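*Asks:* Take a look at input-v4.cif, mmCIF, C-alpha atoms:
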data_upload
#
loop_
_atom_site.label_atom_id
_atom_site.label_comp_id
_atom_site.auth_asym_id
_atom_site.auth_seq_id
_atom_site.Cartn_x
_atom_site.Cartn_y
_atom_site.Cartn_z
CA MET A 1 106.09 57.20 82.90
CA ALA A 2 103.15 58.32 85.10
CA THR A 3 104.72 61.66 85.96
CA ALA A 4 104.96 62.62 82.31
CA ARG A 5 101.17 62.84 82.14
CA THR A 6 101.09 65.52 84.85
CA PRO A 7 102.04 68.91 83.39
CA LEU A 8 104.40 71.18 85.30
CA THR A 9 104.13 74.97 85.50
CA VAL A 10 106.90 77.37 86.55
CA LEU A 11 105.92 80.15 88.97
CA ASP A 12 108.39 83.05 88.91
CA LEU A 13 108.51 85.93 91.39
CA VAL A 14 111.45 87.49 89.52
CA PRO A 15 113.62 87.26 92.64
CA VAL A 16 116.49 89.69 93.17
CA PRO A 17 119.55 87.93 94.66
CA SER A 18 121.67 89.87 97.11
CA GLY A 19 124.34 91.90 95.34
CA SER A 20 122.32 92.18 92.13
CA THR A 21 119.69 94.51 90.66
CA ALA A 22 116.13 94.33 89.35
CA SER A 23 117.58 94.45 85.83
CA ASP A 24 119.68 91.37 86.63
CA ALA A 25 116.58 89.62 87.98
CA LEU A 26 114.58 90.38 84.85
CA ARG A 27 117.37 89.11 82.59
CA ASN A 28 117.52 85.94 84.69
CA SER A 29 113.77 85.39 84.35
CA LEU A 30 113.79 85.87 80.58
CA ASP A 31 116.63 83.39 80.35
CA LEU A 32 114.73 80.94 82.55
CA VAL A 33 111.48 81.16 80.55
CA ARG A 34 113.42 80.37 77.36
CA ARG A 35 114.98 77.38 79.05
CA ALA A 36 111.66 76.25 80.57
CA GLU A 37 110.11 76.18 77.11
CA GLN A 38 112.99 74.11 75.78
CA LEU A 39 112.70 71.70 78.72
CA GLY A 40 108.99 71.02 78.18
CA TYR A 41 107.31 72.93 81.01
CA SER A 42 103.69 73.63 80.07
CA ARG A 43 103.19 77.10 81.54
CA TYR A 44 105.22 79.94 82.97
CA TRP A 45 103.44 82.27 85.38
CA PHE A 46 104.57 85.50 86.99
CA ALA A 47 103.47 86.49 90.49
CA GLU A 48 102.54 90.05 91.47
CA HIS A 49 104.25 91.61 94.48
CA HIS A 50 104.95 95.21 95.55
CA PHE A 51 107.23 97.00 98.02
CA ASN A 52 109.54 94.00 98.24
CA PRO A 53 113.22 94.84 97.60
CA GLY A 54 113.96 91.20 96.84
CA VAL A 55 111.16 90.68 94.29
CA ALA A 56 110.91 92.48 90.93
CA GLY A 57 107.69 90.87 89.70
CA THR A 58 105.40 93.89 89.91
CA SER A 59 103.38 93.77 86.67
CA PRO A 60 101.40 90.63 85.75
CA ALA A 61 100.73 91.91 82.21
CA VAL A 62 104.11 93.41 81.27
CA LEU A 63 106.12 90.38 82.35
CA PRO A 64 104.23 87.85 80.17
CA ALA A 65 104.53 90.28 77.26
CA LEU A 66 108.31 90.36 77.68
CA ALA A 67 108.40 86.58 78.04
CA ALA A 68 106.36 86.16 74.84
CA SER A 69 109.00 88.11 72.96
CA VAL A 70 111.65 85.48 73.73
CA THR A 71 109.53 82.30 73.46
CA SER A 72 107.22 80.77 70.88
CA ALA A 73 104.89 78.16 72.39
CA ILE A 74 104.91 77.89 76.20
CA ARG A 75 101.76 79.25 77.85
CA LEU A 76 102.36 82.46 79.81
CA GLY A 77 100.34 84.20 82.46
CA SER A 78 99.72 85.77 85.82
CA GLY A 79 99.87 83.86 89.03
CA ALA A 80 98.07 85.90 90.24
CA LEU A 81 96.88 89.31 89.12
CA GLN A 82 95.55 91.19 92.16
CA LEU A 83 92.08 92.49 91.34
CA GLY A 84 92.10 95.16 94.03
CA HIS A 85 94.77 97.01 92.04
CA ARG A 86 92.92 97.34 88.73
CA THR A 87 89.45 97.39 87.25
CA ALA A 88 87.78 94.58 85.38
CA LEU A 89 88.03 96.63 82.19
CA SER A 90 91.76 97.33 82.50
CA THR A 91 92.35 93.65 83.21
CA VAL A 92 90.48 92.51 80.12
CA GLU A 93 92.07 95.18 77.93
CA GLU A 94 95.63 94.38 79.08
CA PHE A 95 95.30 90.65 78.55
CA GLY A 96 93.25 91.24 75.41
CA LEU A 97 96.26 93.10 74.00
CA LEU A 98 98.51 90.18 74.89
CA ASP A 99 96.17 87.73 73.16
CA ALA A 100 95.91 89.95 70.08
CA ALA A 101 99.69 89.87 69.74
CA HIS A 102 100.13 86.15 70.51
CA PRO A 103 96.70 84.45 70.20
CA GLY A 104 95.90 81.55 72.49
CA ARG A 105 99.03 81.62 74.65
CA PHE A 106 97.95 83.44 77.80
CA ASP A 107 96.53 82.42 81.16
CA LEU A 108 94.73 85.06 83.22
CA GLY A 109 95.21 83.96 86.80
CA LEU A 110 93.10 86.01 89.21
CA GLY A 111 93.94 86.73 92.84
CA ARG A 112 92.54 88.93 95.57
CA SER A 113 93.79 92.16 97.08
CA GLY A 114 91.29 94.22 98.97
CA GLY A 115 87.64 93.35 99.34
CA PRO A 116 85.88 92.23 102.51
CA VAL A 117 88.25 90.36 104.83
CA GLU A 118 87.35 86.75 105.59
CA ARG A 119 88.50 85.75 109.04
CA ALA A 120 90.14 82.35 109.13
CA ALA A 121 89.72 79.73 111.79
CA PRO A 122 92.04 80.11 114.82
CA ALA A 123 95.64 79.51 113.79
CA LYS A 124 98.16 77.13 115.29
CA GLU A 125 101.29 78.59 116.80
CA ALA A 126 103.69 76.58 114.69
CA ALA A 127 103.84 74.07 111.89
CA GLY A 128 104.36 71.24 114.32
CA SER A 129 101.32 72.19 116.37
CA GLY A 130 98.18 70.58 115.03
CA GLY A 131 99.93 69.33 111.91
CA ARG A 132 99.12 66.02 110.29
CA THR A 133 100.03 63.76 107.43
CA ALA A 134 97.39 63.09 104.79
CA ASN A 135 98.15 60.31 102.30
CA GLY A 136 101.85 60.89 102.89
CA LEU A 137 101.63 64.70 102.52
CA LEU A 138 102.70 66.91 105.41
CA VAL A 139 99.88 69.33 106.23
CA PRO A 140 101.18 71.64 108.98
CA GLY A 141 99.10 73.70 111.36
CA ARG A 142 97.36 76.71 109.90
CA TYR A 143 99.43 79.90 109.65
CA SER A 144 97.81 83.20 110.66
CA ASN A 145 98.66 86.43 108.82
CA GLU A 146 96.72 88.68 111.21
CA HIS A 147 99.86 90.59 112.17
CA LEU A 148 100.59 91.31 108.51
CA LEU A 149 97.15 92.84 108.06
CA ARG A 150 98.13 95.43 110.70
CA SER A 151 101.60 96.19 109.33
CA PRO A 152 102.54 99.76 108.25
CA ARG A 153 103.98 98.39 105.01
CA LEU A 154 100.62 96.87 104.05
CA ALA A 155 98.88 100.14 104.92
CA LEU A 156 101.22 101.98 102.52
CA HIS A 157 100.64 99.25 99.94
CA ARG A 158 96.90 99.78 100.18
CA GLY A 159 97.16 103.53 100.08
CA LEU A 160 99.17 103.59 96.85
CA LEU A 161 97.78 100.55 95.01
CA GLN A 162 94.22 99.82 96.06
CA LEU A 163 91.45 101.20 93.91
CA PRO A 164 88.87 103.41 95.62
CA GLY A 165 86.09 101.17 96.87
CA ALA A 166 88.17 98.00 96.58
CA GLU A 167 87.68 97.25 100.26
CA SER A 168 83.93 96.90 99.77
CA GLN A 169 83.70 95.39 96.28
CA ALA A 170 82.80 91.71 96.35
CA TYR A 171 85.28 89.39 94.65
CA ASP A 172 82.56 87.42 92.91
CA GLU A 173 81.31 90.63 91.32
CA GLN A 174 84.80 91.51 90.07
CA VAL A 175 85.21 88.08 88.47
CA ALA A 176 81.69 88.23 87.01
CA ASP A 177 82.49 91.57 85.35
CA ILE A 178 85.67 90.14 83.80
CA LEU A 179 83.80 87.11 82.45
CA ALA A 180 81.04 89.31 81.03
CA LEU A 181 83.49 91.69 79.35
CA LEU A 182 85.37 88.78 77.78
CA ALA A 183 82.13 87.20 76.59
CA GLY A 184 80.63 90.44 75.29
CA THR A 185 77.64 90.18 77.62
CA TYR A 186 78.43 93.06 79.95
CA ALA A 187 75.33 95.23 80.38
CA PRO A 188 75.96 98.62 82.02
CA ASP A 189 73.17 100.44 83.82
CA ALA A 190 73.19 103.12 81.11
CA GLY A 191 71.60 100.61 78.75
CA PHE A 192 73.95 100.92 75.78
CA GLU A 193 76.03 98.08 74.37
CA THR A 194 79.72 97.81 75.13
CA SER A 195 82.53 96.08 73.30
CA VAL A 196 86.07 95.71 74.64
CA VAL A 197 88.59 95.80 71.79
CA PRO A 198 90.94 94.08 72.15
CA GLY A 199 89.65 91.79 74.87
CA GLU A 200 86.20 90.58 73.95
CA GLY A 201 86.48 87.02 72.66
CA ALA A 202 90.15 86.73 73.62
CA ALA A 203 91.38 83.14 73.82
CA LEU A 204 92.45 83.45 77.45
CA GLN A 205 92.45 80.57 79.88
CA LEU A 206 91.06 81.81 83.21
CA TRP A 207 92.27 80.57 86.58
CA VAL A 208 91.53 81.60 90.15
CA LEU A 209 94.33 81.25 92.71
CA GLY A 210 93.57 80.70 96.37
CA SER A 211 94.98 79.49 99.67
CA SER A 212 91.88 78.32 101.52
CA ALA A 213 88.29 77.18 101.07
CA GLY A 214 87.18 80.83 101.15
CA ILE A 215 85.82 83.17 98.54
CA SER A 216 88.46 82.40 95.87
CA ALA A 217 87.73 78.66 95.90
CA ARG A 218 83.98 79.27 95.91
CA VAL A 219 84.10 81.77 93.04
CA ALA A 220 86.31 79.49 90.95
CA GLY A 221 83.96 76.58 91.51
CA ALA A 222 80.71 78.49 91.01
CA ASN A 223 81.94 79.85 87.66
CA GLY A 224 83.38 76.57 86.44
CA LEU A 225 86.93 77.97 86.26
CA ARG A 226 90.28 76.31 86.87
CA PHE A 227 91.67 76.62 90.39
CA ALA A 228 95.26 76.80 91.64
CA ALA A 229 95.89 76.06 95.32
CA ASN A 230 98.97 77.45 97.05
CA TYR A 231 100.71 74.68 99.00
CA HIS A 232 103.94 76.67 98.80
CA VAL A 233 102.33 79.71 100.50
CA SER A 234 99.79 78.14 102.84
CA PRO A 235 100.50 74.40 103.17
CA GLY A 236 98.22 74.08 106.19
CA THR A 237 95.09 74.88 104.16
CA VAL A 238 95.76 73.25 100.79
CA LEU A 239 93.45 70.28 101.29
CA GLU A 240 90.53 72.40 102.43
CA ALA A 241 91.14 74.75 99.50
CA VAL A 242 90.86 72.07 96.82
CA GLU A 243 87.93 70.42 98.60
CA GLY A 244 86.09 73.73 98.91
CA TYR A 245 86.59 74.34 95.20
CA ARG A 246 85.35 70.91 94.23
CA GLN A 247 82.28 71.22 96.43
CA ALA A 248 81.40 74.57 94.85
CA PHE A 249 82.09 73.47 91.27
CA LYS A 250 79.42 73.85 88.62
CA PRO A 251 80.08 72.78 85.02
CA SER A 252 80.63 75.61 82.55
CA ALA A 253 81.23 76.06 78.84
CA GLU A 254 84.93 75.96 79.75
CA LEU A 255 85.00 72.90 82.03
CA ASP A 256 82.72 69.95 82.68
CA ARG A 257 84.61 68.89 85.81
CA PRO A 258 86.86 70.52 88.42
CA TYR A 259 90.43 71.20 87.33
CA VAL A 260 93.13 71.82 89.93
CA SER A 261 96.78 72.80 89.97
CA VAL A 262 98.80 72.84 93.21
CA SER A 263 102.07 74.65 93.90
CA ALA A 264 105.23 73.59 95.71
CA ASP A 265 108.52 75.29 96.52
CA VAL A 266 111.38 73.06 95.34
CA VAL A 267 115.16 73.04 95.11
CA VAL A 268 116.82 70.24 93.13
CA ALA A 269 120.54 69.55 92.84
CA ASP A 270 122.82 66.68 91.89
CA ASP A 271 123.11 65.57 95.53
CA GLU A 272 121.23 66.12 98.78
CA ASP A 273 123.93 68.18 100.48
CA THR A 274 124.19 70.61 97.59
CA ALA A 275 120.42 71.01 97.44
CA ARG A 276 120.25 71.82 101.14
CA GLU A 277 123.08 74.31 100.80
CA LEU A 278 121.28 76.06 97.95
CA ALA A 279 118.10 76.26 100.03
CA THR A 280 119.83 77.74 103.08
CA GLY A 281 118.57 81.27 102.41
CA TYR A 282 114.92 80.30 102.04
CA GLY A 283 113.94 80.47 105.70
CA LEU A 284 115.46 83.92 106.19
CA TRP A 285 113.76 85.14 103.02
CA VAL A 286 110.35 83.83 104.18
CA ARG A 287 110.91 85.43 107.57
CA SER A 288 111.40 88.83 105.93
CA ILE A 289 108.03 88.49 104.18
CA ARG A 290 106.05 87.18 107.12
CA SER A 291 107.50 89.66 109.58
CA GLY A 292 106.03 92.49 107.51
CA GLU A 293 109.41 93.89 106.51
CA GLY A 294 109.05 92.94 102.84
CA ALA A 295 111.05 90.34 100.94
CA ILE A 296 114.78 90.90 101.26
CA ALA A 297 117.15 90.28 98.39
CA PHE A 298 117.63 86.50 98.40
CA PRO A 299 120.69 85.83 100.55
CA THR A 300 123.69 83.66 99.88
CA PRO A 301 124.04 80.63 102.17
CA GLU A 302 126.81 82.46 104.01
CA GLU A 303 124.64 85.53 104.57
CA ALA A 304 121.76 83.38 105.78
CA ARG A 305 123.93 81.52 108.28
CA ARG A 306 124.88 84.79 109.96
CA HIS A 307 121.29 85.36 111.08
CA ILE A 308 120.68 84.64 114.76
CA TRP A 309 117.37 82.81 114.94
CA SER A 310 114.95 83.30 117.79
CA GLU A 311 112.26 80.76 118.65
CA GLU A 312 109.71 83.27 117.39
CA ASP A 313 111.53 83.47 114.05
CA ARG A 314 111.60 79.70 113.71
CA ALA A 315 107.91 79.38 114.50
CA LEU A 316 107.10 82.08 111.96
CA VAL A 317 108.54 80.09 109.05
CA ALA A 318 108.30 76.48 110.25
CA ASP A 319 105.38 75.49 108.02
CA ARG A 320 107.14 76.83 104.93
CA THR A 321 110.60 75.41 105.60
CA GLY A 322 109.07 72.09 106.63
CA THR A 323 107.20 71.74 103.35
CA GLN A 324 109.86 72.89 100.90
CA PHE A 325 110.85 69.98 98.65
CA ILE A 326 114.65 69.79 98.69
CA GLY A 327 116.98 67.12 97.34
CA THR A 328 117.94 65.11 94.29
CA ALA A 329 115.57 64.91 91.35
CA PRO A 330 114.23 61.44 92.26
CA ARG A 331 113.55 62.55 95.84
CA VAL A 332 111.79 65.76 94.83
CA ALA A 333 109.79 63.99 92.11
CA GLU A 334 108.61 61.47 94.71
CA ARG A 335 107.37 64.28 96.96
CA LEU A 336 105.68 66.01 94.04
CA ARG A 337 103.84 62.79 93.21
CA THR A 338 102.70 62.62 96.82
CA LEU A 339 101.43 66.19 96.60
CA ARG A 340 99.63 65.40 93.35
CA ASP A 341 98.02 62.25 94.69
CA ALA A 342 97.01 63.72 98.07
CA THR A 343 95.32 66.73 96.45
CA GLY A 344 94.09 65.05 93.27
CA ALA A 345 95.88 67.74 91.25
CA ASP A 346 95.63 67.73 87.46
CA GLU A 347 98.77 69.86 87.20
CA LEU A 348 101.56 70.98 89.51
CA ILE A 349 103.26 74.36 89.87
CA VAL A 350 106.90 74.52 90.92
CA THR A 351 108.70 77.60 92.13
CA THR A 352 112.42 77.67 92.84
CA ILE A 353 114.59 80.43 94.27
CA THR A 354 118.34 80.15 94.74
CA HIS A 355 120.92 82.87 95.04
CA ASP A 356 122.81 81.96 91.88
CA HIS A 357 120.87 81.90 88.63
CA ALA A 358 122.79 78.91 87.28
CA ASP A 359 121.70 76.82 90.26
CA ARG A 360 118.08 77.81 89.69
CA VAL A 361 118.23 76.81 86.03
CA ARG A 362 119.94 73.55 86.94
CA SER A 363 117.18 72.74 89.43
CA TYR A 364 114.53 73.06 86.71
CA GLU A 365 116.67 71.04 84.28
CA LEU A 366 117.11 68.15 86.69
CA LEU A 367 113.43 68.08 87.60
CA ALA A 368 112.33 68.17 83.95
CA ALA A 369 114.54 65.20 83.12
CA GLU A 370 113.32 63.18 86.10
CA TRP A 371 109.67 64.07 85.49
CA GLY A 372 109.88 62.94 81.90
CA LEU A 373 109.11 66.28 80.26
CA THR A 374 109.71 66.40 76.52
CA ALA A 375 112.29 68.98 75.50
CA GLY A 376 111.27 71.33 72.71
#
Now that the file is in, can you turn its structure into structure tokens?
*Replies:*
Amino acid sequence: MATARTPLTVLDLVPVPSGSTASDALRNSLDLVRRAEQLGYSRYWFAEHHFNPGVAGTSPAVLPALAASVTSAIRLGSGALQLGHRTALSTVEEFGLLDAAHPGRFDLGLGRSGGPVERAAPAKEAAGSGGRTANGLLVPGRYSNEHLLRSPRLALHRGLLQLPGAESQAYDEQVADILALLAGTYAPDAGFETSVVPGEGAALQLWVLGSSAGISARVAGANGLRFAANYHVSPGTVLEAVEGYRQAFKPSAELDRPYVSVSADVVVADDEDTARELATGYGLWVRSIRSGEGAIAFPTPEEARRHIWSEEDRALVADRTGTQFIGTAPRVAERLRTLRDATGADELIVTTITHDHADRVRSYELLAAEWGLTAG
């Protein structure tokens, strides 16, 4: 089966369903990572988010450590660790500790937070405006997050989390420092030798995550690192992101050719109607994030249906709701193959959020069976 040769990764935000707690969400995620390993998923990554009542995934090092304690083989990692919140040294030390405890199992996925702002091309007003289909894949109009950059919540986020000087530190320099510390080649101005223990020589697999053909794609390519493109976050820019990475790619000791993974938001159920019912809360949840309010606890279908949608609301989430893969396992697998083929992805990342944990687990079970993953 062709799909069996394309590995699948789980991306987990540790979502908090309405009526539950962060403790419940963490228990759900640890149960899901155990099940994902049994089902044959290749990797399990945790995202980093802050000041979001509906998301408990705040620490990209602690969560993989907890997951390692309940699994034995599945690769674990960050998707993505935000470099503006920590130094290169703390990053290498934290993941060096993980590798020392469970050698060769961790992925260090790097993201951006802070640093010089790259202004995107003018955005379209809605997913249907300027959208296109490329090799069967819906590529909606570009979404602009300019209003989020001005939100009070983001200002508080920066004030409490950003490192001093993070706004001016170049991303390529941050990544270069991490690579040098891991390799044992870091040379401080003071002239003495340094050695990060644990950390130096750690068997980490490095990734850079990005949503456009900007600095993340260029840094990943220039350093010969693996690149993960976020179709589930920014579907309008996924093709330019992977193309920008490939154009910038230079072979490294790690890779002799570009290596890409691409994400999708999916909900799978035994029938189409059930899948759509389970996905009912997704649009309202995305709206809470993009409006600058912060992710709400993931609503039940009934709670979501009570929301009165304005045209502005619908436009705000149209690209995301229009590109969520919802349906039976054969239908979702078909759309994932389209995503893989249109982007040339070597791997795919799937992220699923439903209100009830059992439905979320069932979605991953159905997809694994259809995709031909080998249960452990």
*Asks:* Counting only C-alpha atoms, which of A:Val361, A:Ser20, A:Ile178, A:Asp172 gets nearest to Val55 of chain A?
*Replies:*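 Ranked by minimum distance to Val55 of chain A, first place goes to A:Ser20.
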*Asks:* Could you state which residues are captured by the PyMOL selection byres ((chain A and resi 138) around 9) in this file, as a JSON list (two decimals) with C-alpha atoms, in the coordinates of the input?
*Replies:*
[["chain", "number", "residue", "atom", "x", "y", "z"],
["A", 131, "GLY", "CA", 99.93, 69.33, 111.91],
["A", 132, "ARG", "CA", 99.12, 66.02, 110.29],
["A", 133, "THR", "CA", 100.03, 63.76, 107.43],
["A", 134, "ALA", "CA", 97.39, 63.09, 104.79],
["A", 135, "ASN", "CA", 98.15, 60.31, 102.30],
["A", 136, "GLY", "CA", 101.85, 60.89, 102.89],
["A", 137, "LEU", "CA", 101.63, 64.70, 102.52],
["A", 139, "VAL", "CA", 99.88, 69.33, 106.23],
["A", 140, "PRO", "CA", 101.18, 71.64, 108.98],
["A", 235, "PRO", "CA", 100.50, 74.40, 103.17],
["A", 236, "GLY", "CA", 98.22, 74.08, 106.19],
["A", 322, "GLY", "CA", 109.07, 72.09, 106.63],
["A", 323, "THR", "CA", 107.20, 71.74, 103.35],
["A", 339, "LEU", "CA", 101.43, 66.19, 96.60]]
*Asks:* Return the single residue from A:Arg287, A:Arg150, A:Arg5, A:Arg257 that is closest to Gly221 of chain A, with distances computed using all atoms listed in the file.
*Replies:*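 Residue with the minimum atom-to-atom distance to Gly221 of chain A: A:Arg257.
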*Asks:* Pick out the residues sitting within 10 Å of Ser59 of chain A, and hand them over as a list in words; count only C-alpha atoms, and ignore anything fewer than 4 positions along from it in its own chain.
*Replies:*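 The residues that qualify are Phe46, Ala47, Glu48, His49, His50, Leu63, Pro64, Ser78, Leu81 and Gln82 of chain A.
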*Asks:* Name the closest residue to Leu255 of chain A among the candidates A:Leu39, A:Leu206, A:Ala279, A:Ala80; distances are taken between atoms, counting all atoms listed in the file.
*Replies:*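 Counting all atoms listed in the file, the residue closest to Leu255 of chain A is A:Leu206.
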*Asks:* Mind pulling up the distance from atom CA of Ile215 of chain A to atom CA of Leu182 of chain A?
*Replies:*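 Atom-to-atom, atom CA of Leu182 of chain A to atom CA of Ile215 of chain A, that is 21.5 Å.
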*Asks:* Could you state which residues are captured by the PyMOL selection byres ((chain A and resi 370) around 9) in this file, as a JSON list (two decimals) with C-alpha atoms, in the coordinates of the input?
*Replies:*
[["chain", "number", "residue", "atom", "x", "y", "z"],
["A", 3, "THR", "CA", 104.72, 61.66, 85.96],
["A", 329, "ALA", "CA", 115.57, 64.91, 91.35],
["A", 330, "PRO", "CA", 114.23, 61.44, 92.26],
["A", 333, "ALA", "CA", 109.79, 63.99, 92.11],
["A", 365, "GLU", "CA", 116.67, 71.04, 84.28],
["A", 366, "LEU", "CA", 117.11, 68.15, 86.69],
["A", 367, "LEU", "CA", 113.43, 68.08, 87.60],
["A", 368, "ALA", "CA", 112.33, 68.17, 83.95],
["A", 369, "ALA", "CA", 114.54, 65.20, 83.12],
["A", 371, "TRP", "CA", 109.67, 64.07, 85.49],
["A", 372, "GLY", "CA", 109.88, 62.94, 81.90],
["A", 373, "LEU", "CA", 109.11, 66.28, 80.26]]
*Asks:* Using the chain letters and residue numbers of this document, give as a list in words the residues selected by the PyMOL selection byres ((chain A and resi 261) around 10).
*Replies:*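 Here the PyMOL selection byres ((chain A and resi 261) around 10) matches Thr6, Pro7, Leu8, Thr9, Trp207, Leu209, Arg226, Phe227, Ala228, Ala229, Asn230, Val242, Tyr259, Val260, Val262, Ser263, Arg340, Thr343, Gly344, Ala345, Asp346, Glu347, Leu348 and Ile349 of chain A.
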*Asks:* Using only C-alpha atoms, which residues of segment 143-254 of chain A come within 7 Å of segment 97-103 of chain A, and what is the closest atom pair for each, with the distance in Å to one decimal? Give it as a tab-separated table, sorted by chain and residue number.
*Replies:*
residue	atom	partner	partner_atom	distance
A:Pro198	CA	A:Leu97	CA	5.7
A:Gly199	CA	A:Leu97	CA	6.8
A:Ala202	CA	A:Asp99	CA	6.1
A:Ala203	CA	A:Pro103	CA	6.6
*Asks:* Could you write those residues out with C-alpha atoms, as a PDB file, in the coordinates of the input?
*Replies:*
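What landed in result-v4.pdb:
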ATOM      1  CA  PRO A 198      90.940  94.080  72.150  1.00  0.00           C
ATOM      2  CA  GLY A 199      89.650  91.790  74.870  1.00  0.00           C
ATOM      3  CA  ALA A 202      90.150  86.730  73.620  1.00  0.00           C
ATOM      4  CA  ALA A 203      91.380  83.140  73.820  1.00  0.00           C
TER       5      ALA A 203
END
*Asks:* Separation of atom CA of Leu278 of chain A and atom CA of Asp359 of chain A, in Å?
*Replies:*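 Atom CA of Asp359 of chain A lies 7.7 Å from atom CA of Leu278 of chain A.
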